[in-house]
Structures are given as structure tokens and as C-alpha cells.
>>> print(open('work-v2.txt').read())   # compact mmCIF, C-alpha atoms and all ligand atoms
# COMPACT_ATOMS: atom_id res chain seq x y z
CA MET A 12 0.00 0.00 0.00
CA GLU A 13 1.16 3.59 -0.68
CA HIS A 14 2.43 5.53 2.32
CA PHE A 15 -0.21 8.00 3.46
CA TYR A 16 1.43 11.28 4.52
CA ASP A 17 -0.04 13.94 6.79
CA VAL A 18 1.15 16.58 4.35
CA ALA A 19 2.75 16.66 0.91
CA ILE A 20 4.71 19.81 0.10
CA VAL A 21 5.25 20.60 -3.58
CA GLY A 22 8.08 22.92 -4.62
CA GLY A 23 11.77 22.95 -3.78
CA GLY A 24 12.17 26.69 -3.17
CA ILE A 25 12.41 28.45 0.16
CA ALA A 26 8.65 28.36 0.77
CA GLY A 27 8.64 24.57 0.35
CA TYR A 28 11.72 24.28 2.55
CA THR A 29 10.32 26.24 5.49
CA ALA A 30 7.07 24.29 5.14
CA ALA A 31 9.07 21.03 5.41
CA LEU A 32 11.18 22.35 8.30
CA THR A 33 8.08 23.44 10.20
CA ALA A 34 6.20 20.22 9.40
CA LYS A 35 9.11 18.25 10.82
CA ASN A 36 9.20 20.37 13.99
CA LEU A 37 5.43 19.90 14.38
CA LEU A 38 5.98 16.12 14.13
CA LEU A 39 3.91 15.83 10.96
CA ASP A 40 4.59 12.93 8.63
CA TYR A 41 5.59 14.99 5.58
CA ILE A 42 6.97 14.49 2.12
CA TRP A 43 8.74 17.39 0.38
CA LEU A 44 8.67 17.06 -3.40
CA GLY A 45 10.42 19.14 -6.00
CA THR A 46 12.70 19.21 -8.98
CA GLU A 47 15.73 20.19 -6.88
CA PRO A 48 16.13 21.70 -3.42
CA PHE A 49 16.68 25.48 -3.54
CA GLY A 50 16.18 25.92 -7.27
CA GLU A 51 17.56 28.41 -9.70
CA LYS A 52 15.86 31.51 -8.30
CA LEU A 53 17.71 31.26 -5.01
CA ARG A 54 21.02 30.56 -6.73
CA ALA A 55 20.51 33.38 -9.24
CA ALA A 56 20.45 36.33 -6.82
CA GLU A 57 23.55 38.49 -7.24
CA LYS A 58 23.38 40.00 -3.79
CA VAL A 59 20.86 39.33 -1.06
CA THR A 60 20.48 42.18 1.41
CA ASN A 61 16.89 41.83 2.58
CA PHE A 62 16.82 38.51 4.44
CA PRO A 63 17.63 38.51 8.17
CA ALA A 64 21.25 37.57 8.90
CA ILE A 65 22.06 36.74 5.27
CA GLU A 66 24.26 38.89 3.09
CA GLY A 67 25.97 38.07 -0.18
CA LYS A 68 25.36 35.99 -3.25
CA GLY A 69 22.37 33.70 -3.61
CA SER A 70 24.78 30.76 -3.90
CA GLY A 71 26.02 31.50 -0.35
CA PHE A 72 22.42 31.62 0.86
CA VAL A 73 21.83 28.21 -0.74
CA ALA A 74 24.97 26.80 0.91
CA ALA A 75 23.68 27.93 4.33
CA LEU A 76 20.30 26.34 3.64
CA VAL A 77 21.86 23.09 2.45
CA SER A 78 23.89 22.76 5.63
CA GLN A 79 20.85 23.55 7.81
CA MET A 80 18.82 21.00 5.84
CA ALA A 81 21.44 18.32 6.59
CA ARG A 82 21.69 19.33 10.25
CA GLU A 83 17.93 19.21 10.72
CA GLU A 84 17.63 16.03 8.63
CA ILE A 85 15.03 17.41 6.28
CA ALA A 86 14.19 14.85 3.60
CA PHE A 87 13.72 15.87 -0.03
CA THR A 88 12.22 13.71 -2.77
CA ARG A 89 12.99 14.52 -6.38
CA ALA A 90 9.77 14.50 -8.37
CA ARG A 91 8.04 16.87 -10.77
CA VAL A 92 4.41 16.71 -9.74
CA ASP A 93 2.11 16.87 -12.75
CA GLY A 94 -1.26 16.65 -11.03
CA VAL A 95 -2.82 17.22 -7.59
CA TYR A 96 -6.25 15.65 -7.18
CA ALA A 97 -8.62 15.90 -4.21
CA ALA A 98 -10.24 12.50 -3.75
CA GLY A 99 -12.59 12.46 -0.75
CA GLU A 100 -10.52 12.97 2.38
CA LYS A 101 -7.19 12.54 0.66
CA PHE A 102 -5.06 13.99 -2.10
CA LEU A 103 -3.36 12.09 -4.88
CA LEU A 104 -0.23 13.65 -6.35
CA THR A 105 1.02 12.18 -9.60
CA SER A 106 4.46 12.35 -11.17
CA LYS A 107 6.13 10.52 -14.03
CA GLU A 108 7.55 7.86 -11.72
CA GLN A 109 5.18 7.64 -8.79
CA THR A 110 1.89 8.56 -7.15
CA PHE A 111 1.85 10.00 -3.62
CA GLU A 112 -1.04 10.15 -1.13
CA ALA A 113 -1.51 12.72 1.60
CA ALA A 114 -4.21 14.10 3.87
CA SER A 115 -3.21 17.69 3.07
CA VAL A 116 -1.07 19.49 0.51
CA ILE A 117 0.99 22.68 0.48
CA LEU A 118 1.63 24.08 -2.99
CA ALA A 119 4.85 26.12 -3.03
CA THR A 120 5.51 25.99 -6.74
CA GLY A 121 6.61 29.60 -7.31
CA VAL A 122 5.69 31.66 -10.37
CA GLU A 123 7.05 31.82 -13.87
CA THR A 124 8.35 35.39 -14.13
CA ARG A 125 8.35 35.39 -17.94
CA GLY A 126 4.55 35.53 -17.86
CA GLN A 127 2.13 33.94 -20.23
CA MET A 128 1.98 34.16 -23.99
CA ARG A 129 -1.11 35.37 -25.82
CA GLY A 130 -3.42 32.38 -26.25
CA GLU A 131 -1.61 30.24 -23.65
CA ARG A 132 -4.33 30.42 -21.04
CA GLU A 133 -7.20 30.46 -23.53
CA PHE A 134 -6.20 27.13 -25.10
CA LEU A 135 -5.25 25.26 -21.92
CA GLY A 136 -6.67 21.74 -22.34
CA ARG A 137 -7.47 22.49 -25.98
CA GLY A 138 -4.01 22.01 -27.37
CA VAL A 139 -1.95 23.82 -24.73
CA SER A 140 -0.27 21.60 -22.15
CA TYR A 141 2.40 21.95 -19.46
CA CYS A 142 3.17 18.26 -19.10
CA ALA A 143 4.84 16.19 -21.82
CA VAL A 144 4.41 12.95 -19.90
CA CYS A 145 0.69 13.53 -19.30
CA ASP A 146 -0.31 14.60 -22.79
CA GLY A 147 2.50 13.64 -25.19
CA ALA A 148 0.80 10.43 -26.36
CA LEU A 149 -2.20 12.44 -27.56
CA TYR A 150 -0.06 13.83 -30.38
CA LYS A 151 0.91 10.64 -32.19
CA GLY A 152 1.86 11.51 -35.77
CA LYS A 153 1.02 15.20 -35.20
CA ARG A 154 2.93 18.46 -35.42
CA ILE A 155 3.61 20.22 -32.19
CA ALA A 156 5.62 23.08 -30.71
CA ALA A 157 7.43 23.10 -27.38
CA VAL A 158 8.62 26.22 -25.60
CA LEU A 159 11.49 25.22 -23.30
CA SER A 160 12.51 27.59 -20.51
CA SER A 161 15.71 25.71 -19.69
CA GLN A 162 17.91 22.82 -20.75
CA ASN A 163 16.38 20.71 -17.96
CA PHE A 164 13.34 20.23 -20.18
CA GLU A 165 15.15 18.69 -23.16
CA GLN A 166 14.29 15.20 -21.89
CA GLU A 167 10.61 16.11 -22.00
CA ALA A 168 11.00 17.41 -25.56
CA GLU A 169 12.67 14.11 -26.50
CA TYR A 170 9.72 12.30 -24.97
CA LEU A 171 7.36 14.34 -27.15
CA ALA A 172 9.39 13.43 -30.24
CA ARG A 173 8.63 9.75 -29.59
CA PHE A 174 5.03 10.44 -30.59
CA ALA A 175 4.94 13.56 -32.74
CA GLU A 176 5.79 13.74 -36.42
CA LYS A 177 7.61 17.05 -35.94
CA VAL A 178 8.49 19.16 -32.89
CA TRP A 179 9.34 22.85 -33.21
CA CYS A 180 11.43 23.57 -30.14
CA PHE A 181 11.74 27.17 -29.02
CA CYS A 182 14.73 26.97 -26.69
CA LEU A 183 14.90 30.07 -24.50
CA TYR A 184 18.45 29.37 -23.26
CA ASP A 185 21.97 29.07 -24.63
CA GLU A 186 23.36 26.11 -26.52
CA PRO A 187 20.43 23.72 -26.87
CA LYS A 188 21.56 20.10 -27.22
CA LEU A 189 18.47 18.68 -28.93
CA ARG A 190 19.34 16.71 -32.05
CA GLY A 191 17.32 14.51 -34.38
CA GLU A 192 15.34 14.72 -37.57
CA LYS A 193 12.04 15.31 -35.77
CA PHE A 194 13.27 18.53 -34.18
CA VAL A 195 13.34 22.04 -35.58
CA VAL A 196 15.36 23.94 -32.97
CA ARG A 197 14.97 27.70 -32.71
CA SER A 198 16.04 30.29 -30.18
CA ASP A 199 13.38 32.96 -30.65
CA MET A 200 10.41 33.52 -28.36
CA PRO A 201 7.15 32.84 -30.20
CA LEU A 202 4.50 35.54 -30.03
CA ALA A 203 1.17 33.78 -29.65
CA VAL A 204 -0.88 30.61 -29.84
CA GLU A 205 -3.89 30.86 -32.14
CA GLY A 206 -6.75 28.76 -33.45
CA GLU A 207 -10.51 28.45 -33.78
CA GLY A 208 -11.69 26.59 -30.67
CA ARG A 209 -8.38 24.73 -30.28
CA VAL A 210 -4.73 25.24 -31.12
CA GLU A 211 -4.03 25.47 -34.84
CA ARG A 212 -0.82 27.50 -35.07
CA ILE A 213 2.00 29.13 -33.19
CA VAL A 214 2.83 32.62 -34.33
CA CYS A 215 6.44 33.79 -34.74
CA LYS A 216 7.98 36.99 -36.05
CA GLU A 217 8.11 35.81 -39.62
CA GLY A 218 4.69 34.14 -39.69
CA ALA A 219 2.62 31.26 -38.31
CA ILE A 220 3.58 27.58 -38.09
CA PRO A 221 0.62 25.16 -38.23
CA VAL A 222 0.67 22.88 -35.17
CA ASP A 223 -1.85 20.70 -33.29
CA GLY A 224 -0.48 21.38 -29.84
CA VAL A 225 1.88 23.60 -27.88
CA PHE A 226 3.75 22.44 -24.78
CA PHE A 227 5.06 25.07 -22.38
CA LEU A 228 7.87 23.33 -20.49
CA LYS A 229 8.77 25.60 -17.61
CA ASN A 230 9.55 25.42 -13.91
CA SER A 231 6.24 26.67 -12.61
CA ALA A 232 3.09 25.92 -14.55
CA PRO A 233 -0.01 27.99 -13.73
CA PRO A 234 -1.52 26.48 -10.55
CA ALA A 235 -4.90 25.84 -12.18
CA ALA A 236 -3.16 23.52 -14.65
CA LEU A 237 -1.66 21.55 -11.76
CA CYS A 238 -4.70 21.39 -9.52
CA GLY A 239 -8.11 21.61 -11.15
CA GLY A 240 -10.71 23.60 -9.19
CA VAL A 241 -8.28 25.71 -7.18
CA ARG A 242 -9.32 29.36 -7.25
CA THR A 243 -6.73 31.62 -8.80
CA ASP A 244 -6.16 35.13 -9.97
CA GLY A 245 -3.89 34.65 -12.98
CA ALA A 246 -0.65 33.03 -11.84
CA HIS A 247 -1.59 33.34 -8.16
CA ILE A 248 -3.60 31.03 -5.91
CA LEU A 249 -6.21 32.84 -3.82
CA VAL A 250 -5.62 32.19 -0.11
CA GLY A 251 -6.80 33.42 3.26
CA ARG A 252 -4.57 34.63 6.09
CA ASP A 253 -4.00 31.00 7.08
CA LEU A 254 -2.93 30.29 3.50
CA ALA A 255 -5.88 27.93 2.97
CA THR A 256 -7.23 27.73 -0.57
CA ASN A 257 -10.85 27.12 -1.55
CA ILE A 258 -10.15 23.34 -1.49
CA LYS A 259 -10.26 21.79 2.01
CA GLY A 260 -6.82 20.58 3.06
CA LEU A 261 -5.02 22.40 0.25
CA PHE A 262 -2.72 25.27 1.25
CA ALA A 263 -0.35 27.45 -0.74
CA ALA A 264 2.79 29.42 0.14
CA GLY A 265 5.42 31.67 -1.42
CA ASP A 266 5.43 33.47 -4.74
CA VAL A 267 2.50 31.37 -5.94
CA THR A 268 0.17 33.25 -3.54
CA GLY A 269 1.14 36.67 -4.92
CA ARG A 270 3.48 39.61 -4.48
CA PRO A 271 5.83 40.74 -3.07
CA TYR A 272 8.14 38.11 -4.57
CA GLN A 273 10.65 37.97 -1.74
CA TYR A 274 12.48 35.23 0.12
CA VAL A 275 11.36 36.42 3.51
CA LYS A 276 7.69 36.45 2.54
CA ALA A 277 7.97 33.00 0.94
CA ALA A 278 9.81 31.60 3.97
CA GLY A 279 7.22 33.00 6.39
CA GLU A 280 4.34 31.64 4.38
CA GLY A 281 5.86 28.15 4.24
CA CYS A 282 5.90 28.16 8.03
CA VAL A 283 2.32 29.43 8.36
CA ALA A 284 1.02 26.94 5.79
CA ALA A 285 2.53 24.02 7.74
CA HIS A 286 0.89 25.24 10.97
CA SER A 287 -2.42 25.61 9.15
CA ALA A 288 -2.12 22.09 7.72
CA ARG A 289 -1.61 20.76 11.27
CA THR A 290 -4.63 22.69 12.57
CA PHE A 291 -6.67 21.27 9.70
CA LEU A 292 -5.54 17.69 10.44
CA LEU A 293 -6.26 18.03 14.18
CA ALA A 294 -9.72 19.44 13.51
CA ARG A 295 -10.49 16.61 11.13
CA LYS A 296 -9.35 14.04 13.71
CA LYS A 297 -11.64 15.57 16.32
CA GLY A 298 -14.48 15.65 13.80
CA THR A 299 -14.68 19.44 13.93
CA ASN A 300 -14.02 20.12 10.29
CA LEU A 301 -12.60 23.61 9.75
C1 LIG B 1 17.37 36.74 -10.32
C2 LIG B 1 16.51 36.83 -9.06
C3 LIG B 1 17.01 37.50 -7.96
C4 LIG B 1 16.23 37.61 -6.80
N1 LIG B 1 16.73 38.28 -5.73
C5 LIG B 1 16.00 38.38 -4.61
C6 LIG B 1 16.53 39.05 -3.46
O1 LIG B 1 17.66 39.54 -3.46
N2 LIG B 1 15.75 39.14 -2.35
C7 LIG B 1 14.48 38.58 -2.31
O2 LIG B 1 13.83 38.67 -1.25
N3 LIG B 1 13.97 37.94 -3.37
C8 LIG B 1 14.66 37.81 -4.53
N4 LIG B 1 14.14 37.18 -5.61
C9 LIG B 1 12.79 36.60 -5.51
C10 LIG B 1 12.86 35.21 -4.85
O3 LIG B 1 13.72 34.40 -5.62
C11 LIG B 1 11.48 34.54 -4.74
O4 LIG B 1 10.60 35.41 -4.07
C12 LIG B 1 11.57 33.21 -3.98
O5 LIG B 1 12.50 32.36 -4.60
C13 LIG B 1 10.21 32.54 -3.93
O6 LIG B 1 10.32 31.30 -3.31
P1 LIG B 1 9.24 30.15 -3.61
O7 LIG B 1 9.68 28.99 -2.79
O8 LIG B 1 7.88 30.68 -3.41
O9 LIG B 1 9.36 29.83 -5.15
P2 LIG B 1 10.60 29.36 -6.04
O10 LIG B 1 11.90 29.80 -5.50
O11 LIG B 1 10.23 29.77 -7.43
O12 LIG B 1 10.56 27.77 -5.91
C14 LIG B 1 9.55 27.00 -6.46
C15 LIG B 1 10.14 25.66 -6.84
O13 LIG B 1 9.11 24.74 -7.12
C16 LIG B 1 9.45 23.98 -8.26
N5 LIG B 1 8.23 23.50 -8.89
C17 LIG B 1 7.30 24.22 -9.57
N6 LIG B 1 6.34 23.42 -10.01
C18 LIG B 1 6.64 22.19 -9.58
C19 LIG B 1 6.00 20.92 -9.72
N7 LIG B 1 4.85 20.80 -10.38
N8 LIG B 1 6.58 19.83 -9.16
C20 LIG B 1 7.75 19.95 -8.48
N9 LIG B 1 8.41 21.11 -8.31
C21 LIG B 1 7.84 22.22 -8.85
C22 LIG B 1 10.23 24.97 -9.13
O14 LIG B 1 11.03 24.26 -10.06
C23 LIG B 1 11.04 25.69 -8.07
O15 LIG B 1 12.24 24.98 -7.80
C24 LIG B 1 14.91 37.06 -6.77
C25 LIG B 1 14.42 36.39 -7.89
C26 LIG B 1 15.20 36.28 -9.03
C27 LIG B 1 14.65 35.56 -10.24
>>> encode(input="work-v2.txt", output="C-alpha cells", more="lines below")
Ligand SMILES: Cc1cc2nc3c(=O)[nH]c(=O)nc-3n(C[C@H](O)[C@H](O)[C@H](O)COP(=O)(O)OP(=O)(O)OC[C@H]3O[C@@H](n4cnc5c(N)ncnc54)[C@H](O)[C@@H]3O)c2cc1C
Amino acid sequence: MEHFYDVAIVGGGIAGYTAALTAKNLLLDYIWLGTEPFGEKLRAAEKVTNFPAIEGKGSGFVAALVSQMAREEIAFTRARVDGVYAAGEKFLLTSKEQTFEAASVILATGVETRGQMRGEREFLGRGVSYCAVCDGALYKGKRIAAVLSSQNFEQEAEYLARFAEKVWCFCLYDEPKLRGEKFVVRSDMPLAVEGEGRVERIVCKEGAIPVDGVFFLKNSAPPAALCGGVRTDGAHILVGRDLATNIKGLFAAGDVTGRPYQYVKAAGEGCVAAHSARTFLLARKKGTNL
């Protein structure tokens, strides 16, 4: 039988980390899932001056977090979660390799700062996807486009090429390594996704390319694409002061709940969300649903 966790935390940034740290201190049975602990946003900062007792490059901040993580024995599980589903009194979280079960969930998935392309939101589920593994097989023998935000997603593009006839890859980073006759590799940013009712073309500077689907392969997909039914305002999940969402047992923390996009706000929210998850679990045990 699958292990049933008190709380599953999704997102390897600082919000996810403080949620895991707090969950551990509260003696919750937690699982912390993410692509890597302390992802690229933490490493990227040139100089951090606005976090208590930390000064210097983001990489130094990460080093301090890594050593605290080891000291406090915080466990991290590498997994890109592609779906969070509320099923009665539990949540199912799916990834390419595994399914996880938990009584509550904290989403700390950050935001994609590049923003959304015209047509991206409109055609979600009608040709736009954020998950190669979930939807790739739907495009057998078809023509698709993939917009890759980093080299980490080349494996997903290769997975798409197993099914598709042709994959136009818009690689928004240096030195893409994708090779193969199915790929057309480009480095420009496309302008829009268009179609009548569903995706029919991706528009670039010099014109439109007819495609049946467009995959946006980026670190943080819009939360509504990850968890159906969660109330959002654009890229942000709507939460109360306790960081509860509209779905019972589902909490959110960090950039994904809105501005300001700052480490200290994300860290604080991770802590609050873990406390709120515990309060929720205790209330459910006592039969006094929150
Ligand atoms: C260049 C740069 C410099 C910055 N400098 C500062 C600064 O000096 N001071 C400051 O306060 N703030 C700074 N910020 C902002 C700060 O980085 C963010 O506010 C902070 O990282 C937010 O933390 P988070 O945990 O909410 O999200 P993130 O750090 O974005 O972490 C979210 C993580 O979740 C992962 N993830 C997303 N979806 C999934 C999924 N489905 N499954 C598994 N994992 C998933 C992502 O890959 C990512 O690793 C800077 C940001 C940038 C880009």
C-alpha cells in the first residue's frame, strides 16, 4: 500500500523548505517534493540584502540552507508533480515515476516570471499543455511546438518526439543540445498561440507555423493547470490569512500566492502553511471540520 502522509509539500524553493522544516518540527509525517532543493531563483540572486542575517550571493544563501537542511535532517524527494487531485478525504499527487497520497497538501511551486503568452491560457486543455508525460501520447503523428525555458526540459522534448511527427522547439536558453530529424530547434520567443476553438498554429515573427499542440515546459506551470478547481487570480492562488485555498486541506505558500516576490515572505508563508495544515488535520481528527 502507498504511504499515506499527513502533508505533501510541492516545490523545492524556500517556501517549500520552510514548510518542510516546520512540518518536521510539528511532528507531521511529511513528504517534500520538487525538482531540486533550492532551485535556480535562489542561486541566481547576485546580492541578497533583505533577508535577516544573510548577506551576499544567492549561492552563499543556498549553501547555508543546504547545511541547515542536513543538520535538521530534512528529507527531499525529487519529483516533478504533474497533477494534484482531491479524492474524498485525501489527495493524490502524480508524477512521471510515482503517485503519492496525503491528507493535506501545500503548494509552493513559485511563479514563472516570464509571464504567459497570448493564447496560452485560452487554449489550456485544448491544445496547450504543461506536461509532456501527461499529454505527449495524444499527439501521435502530429505536429507540435514546445517552448522550453531551460535545458532541464530537453528530456521532456525528446519524450514528445517519440510520438509527434515534428516538434518545433523554441529553446529560450543558450546552446540547446536537442538533435534529431524530428526537431526544428529555434532560439526565438514565439509571439502567440492561435486557433478556432483549439490550437491550430503558433505565431512567430516571420509568420505562423501550423501545429496541433503547444507544450510550455517551464519550472512553474499555472496552478490551475496543476490542480483543477483551485481558485486563482492569474498566476496566483487565492488564499486566506492561514494560507488555505478554496479546497479543504489544500494550502499554498510563497510566490505562488502573490506579491511581493521575496524570500522572507515566501519563507514565512511556508511556516504558516505548515501550521495551518496541522490545525486542519487536528480538527479533522476531532471531527470538527474547519
Ligand atoms: C534573479 C533573481 C534575484 C532575486 N533576488 C531576490 C533578493 O535579493 N531578495 C528577495 O527577497 N527575493 C529575490 N528574488 C525573488 C525570490 O527568488 C522569490 O521570491 C523566492 O525564490 C520565492 O520562493 P518560492 O519557494 O515561493 O518559489 P521558487 O523559488 O520559485 O521555488 C519553487 C520551486 O518549485 C518547483 N516547482 C514548480 N512546479 C513544480 C512541480 N509541479 N513539481 C515539483 N516542483 C515544482 C520549481 O522548479 C522551483 O524549484 C529574486 C528572484 C530572481 C529571479
>>> closest_residue(input="work-v2.txt", among="A:Lys259, A:Arg154, A:His247, A:Lys35", to="ligand LIG 1 (chain B)", atoms="only C-alpha atoms and all ligand atoms")
A:His247
>>> residues_near_point(input="work-v2.txt", point="(7.3, 9.3, -21.2)", cutoff="9 Å", atoms="all atoms listed in the file", output="list in words")
Lys107, Ala143, Val144, Cys145, Gly147, Ala148, Glu167, Glu169, Tyr170, Leu171 and Arg173 of chain A
>>> closest_residue(input="work-v2.txt", among="A:Asn61, A:Asn163, A:Ser287, A:Ser115", to="ligand LIG 1 (chain B)", atoms="only C-alpha atoms and all ligand atoms")
A:Asn61
>>> residues_near_point(input="work-v2.txt", point="(2.3, 10.6, -10.1)", cutoff="10 Å", atoms="only C-alpha atoms", output="ChimeraX atom specification")
/A:90-95,103-112,145
>>> residues_near_ligand(input="work-v2.txt", ligand="ligand LIG 1 (chain B)", cutoff="7 Å", atoms="only C-alpha atoms and all ligand atoms", output="PyMOL selection string")
chain A and resi 21-27+44-53+55-62+90-93+119-122+230-232+237+264-267+272-275+277
>>> write_last_selection(input="work-v2.txt", atoms="C-alpha atoms", output="CSV table (one decimal), keeping the file's coordinate frame")
chain,number,residue,atom,x,y,z
A,21,VAL,CA,5.2,20.6,-3.6
A,22,GLY,CA,8.1,22.9,-4.6
A,23,GLY,CA,11.8,23.0,-3.8
A,24,GLY,CA,12.2,26.7,-3.2
A,25,ILE,CA,12.4,28.4,0.2
A,26,ALA,CA,8.6,28.4,0.8
A,27,GLY,CA,8.6,24.6,0.4
A,44,LEU,CA,8.7,17.1,-3.4
A,45,GLY,CA,10.4,19.1,-6.0
A,46,THR,CA,12.7,19.2,-9.0
A,47,GLU,CA,15.7,20.2,-6.9
A,48,PRO,CA,16.1,21.7,-3.4
A,49,PHE,CA,16.7,25.5,-3.5
A,50,GLY,CA,16.2,25.9,-7.3
A,51,GLU,CA,17.6,28.4,-9.7
A,52,LYS,CA,15.9,31.5,-8.3
A,53,LEU,CA,17.7,31.3,-5.0
A,55,ALA,CA,20.5,33.4,-9.2
A,56,ALA,CA,20.4,36.3,-6.8
A,57,GLU,CA,23.6,38.5,-7.2
A,58,LYS,CA,23.4,40.0,-3.8
A,59,VAL,CA,20.9,39.3,-1.1
A,60,THR,CA,20.5,42.2,1.4
A,61,ASN,CA,16.9,41.8,2.6
A,62,PHE,CA,16.8,38.5,4.4
A,90,ALA,CA,9.8,14.5,-8.4
A,91,ARG,CA,8.0,16.9,-10.8
A,92,VAL,CA,4.4,16.7,-9.7
A,93,ASP,CA,2.1,16.9,-12.8
A,119,ALA,CA,4.8,26.1,-3.0
A,120,THR,CA,5.5,26.0,-6.7
A,121,GLY,CA,6.6,29.6,-7.3
A,122,VAL,CA,5.7,31.7,-10.4
A,230,ASN,CA,9.6,25.4,-13.9
A,231,SER,CA,6.2,26.7,-12.6
A,232,ALA,CA,3.1,25.9,-14.6
A,237,LEU,CA,-1.7,21.6,-11.8
A,264,ALA,CA,2.8,29.4,0.1
A,265,GLY,CA,5.4,31.7,-1.4
A,266,ASP,CA,5.4,33.5,-4.7
A,267,VAL,CA,2.5,31.4,-5.9
A,272,TYR,CA,8.1,38.1,-4.6
A,273,GLN,CA,10.6,38.0,-1.7
A,274,TYR,CA,12.5,35.2,0.1
A,275,VAL,CA,11.4,36.4,3.5
A,277,ALA,CA,8.0,33.0,0.9
>>> closest_residue(input="work-v2.txt", among="A:Ala285, A:Gly136, A:Leu183, A:Val196", to="Gly260 of chain A", atoms="all atoms listed in the file")
A:Ala285
>>> atom_distance(input="work-v2.txt", atom1="atom CA of Val18 of chain A", atom2="atom CA of Val250 of chain A")
17.6 Å
>>> closest_residue(input="work-v2.txt", among="A:Ala64, A:Ala175, A:Ala81, A:Leu118", to="Ala19 of chain A", atoms="only C-alpha atoms")
A:Leu118
>>> residues_around(input="work-v2.txt", residues="Ile213 of chain A", least_positions_apart="6", cutoff="8 Å", atoms="only C-alpha atoms", output="PyMOL selection string")
chain A and resi 156+201-205+219-222+225
>>> residues_around(input="work-v2.txt", residues="Glu133 of chain A", least_positions_apart="3", cutoff="10 Å", atoms="only C-alpha atoms", output="ChimeraX atom specification")
/A:128-130,136-139,204-205,208-210
>>> closest_residue(input="work-v2.txt", among="A:Gly240, A:Gly191, A:Gly126, A:Gly251", to="Ala284 of chain A", atoms="all atoms listed in the file")
A:Gly251
>>> closest_residue(input="work-v2.txt", among="A:Lys229, A:Thr124, A:Arg132, A:Lys68", to="Glu165 of chain A", atoms="only C-alpha atoms")
A:Lys229
>>> atom_distance(input="work-v2.txt", atom1="atom CA of Trp43 of chain A", atom2="atom CA of Gly67 of chain A")
26.9 Å
>>> atom_distance(input="work-v2.txt", atom1="atom CA of Val178 of chain A", atom2="atom CA of Ser198 of chain A")
13.7 Å
>>> residues_around(input="work-v2.txt", residues="Tyr184 of chain A", least_positions_apart="5", cutoff="8 Å", atoms="all atoms listed in the file", output="list in words")
Ser160, Ser161, Gln162 and Ser198 of chain A
>>> write_last_selection(input="work-v2.txt", atoms="C-alpha atoms", output="PDB file, keeping the file's coordinate frame")
ATOM      1  CA  SER A 160      12.510  27.590 -20.510  1.00  0.00           C
ATOM      2  CA  SER A 161      15.710  25.710 -19.690  1.00  0.00           C
ATOM      3  CA  GLN A 162      17.910  22.820 -20.750  1.00  0.00           C
ATOM      4  CA  SER A 198      16.040  30.290 -30.180  1.00  0.00           C
TER       5      SER A 198
END
>>> axis_aligned_box(input="work-v2.txt", around="segment 12-21 of chain A", padding_each_side="4 Å", output="AutoDock Vina command-line options")
--center_x 2.5 --center_y 10.3 --center_z 1.6 --size_x 13.5 --size_y 28.6 --size_z 18.4
>>> build_atoms(input="work-v2.txt", residues="segment 267-278 of chain A", atoms="N, CA and C atoms", output="PDB file, in the frame of the given file")
ATOM      1  N   VAL A 267       3.732  31.824  -5.271  1.00  0.00           N
ATOM      2  CA  VAL A 267       2.500  31.370  -5.940  1.00  0.00           C
ATOM      3  C   VAL A 267       1.246  32.010  -5.331  1.00  0.00           C
ATOM      4  N   THR A 268       1.355  32.588  -4.126  1.00  0.00           N
ATOM      5  CA  THR A 268       0.170  33.250  -3.540  1.00  0.00           C
ATOM      6  C   THR A 268       0.137  34.743  -3.868  1.00  0.00           C
ATOM      7  N   GLY A 269       1.165  35.254  -4.516  1.00  0.00           N
ATOM      8  CA  GLY A 269       1.140  36.670  -4.920  1.00  0.00           C
ATOM      9  C   GLY A 269       2.341  37.454  -4.444  1.00  0.00           C
ATOM     10  N   ARG A 270       2.355  38.731  -4.813  1.00  0.00           N
ATOM     11  CA  ARG A 270       3.480  39.610  -4.480  1.00  0.00           C
ATOM     12  C   ARG A 270       3.437  40.033  -3.019  1.00  0.00           C
ATOM     13  N   PRO A 271       4.534  40.550  -2.443  1.00  0.00           N
ATOM     14  CA  PRO A 271       5.830  40.740  -3.070  1.00  0.00           C
ATOM     15  C   PRO A 271       6.577  39.408  -3.249  1.00  0.00           C
ATOM     16  N   TYR A 272       7.325  39.292  -4.346  1.00  0.00           N
ATOM     17  CA  TYR A 272       8.140  38.110  -4.570  1.00  0.00           C
ATOM     18  C   TYR A 272       9.442  38.283  -3.803  1.00  0.00           C
ATOM     19  N   GLN A 273       9.470  37.807  -2.586  1.00  0.00           N
ATOM     20  CA  GLN A 273      10.650  37.970  -1.740  1.00  0.00           C
ATOM     21  C   GLN A 273      10.871  36.712  -0.914  1.00  0.00           C
ATOM     22  N   TYR A 274      12.150  36.423  -0.658  1.00  0.00           N
ATOM     23  CA  TYR A 274      12.480  35.230   0.120  1.00  0.00           C
ATOM     24  C   TYR A 274      11.799  35.222   1.480  1.00  0.00           C
ATOM     25  N   VAL A 275      11.831  36.377   2.129  1.00  0.00           N
ATOM     26  CA  VAL A 275      11.360  36.420   3.510  1.00  0.00           C
ATOM     27  C   VAL A 275       9.854  36.166   3.574  1.00  0.00           C
ATOM     28  N   LYS A 276       9.141  36.670   2.588  1.00  0.00           N
ATOM     29  CA  LYS A 276       7.690  36.450   2.540  1.00  0.00           C
ATOM     30  C   LYS A 276       7.409  34.974   2.243  1.00  0.00           C
ATOM     31  N   ALA A 277       8.169  34.406   1.302  1.00  0.00           N
ATOM     32  CA  ALA A 277       7.970  33.000   0.940  1.00  0.00           C
ATOM     33  C   ALA A 277       8.297  32.095   2.135  1.00  0.00           C
ATOM     34  N   ALA A 278       9.410  32.419   2.825  1.00  0.00           N
ATOM     35  CA  ALA A 278       9.810  31.600   3.970  1.00  0.00           C
ATOM     36  C   ALA A 278       8.744  31.654   5.070  1.00  0.00           C
TER      37      ALA A 278
END
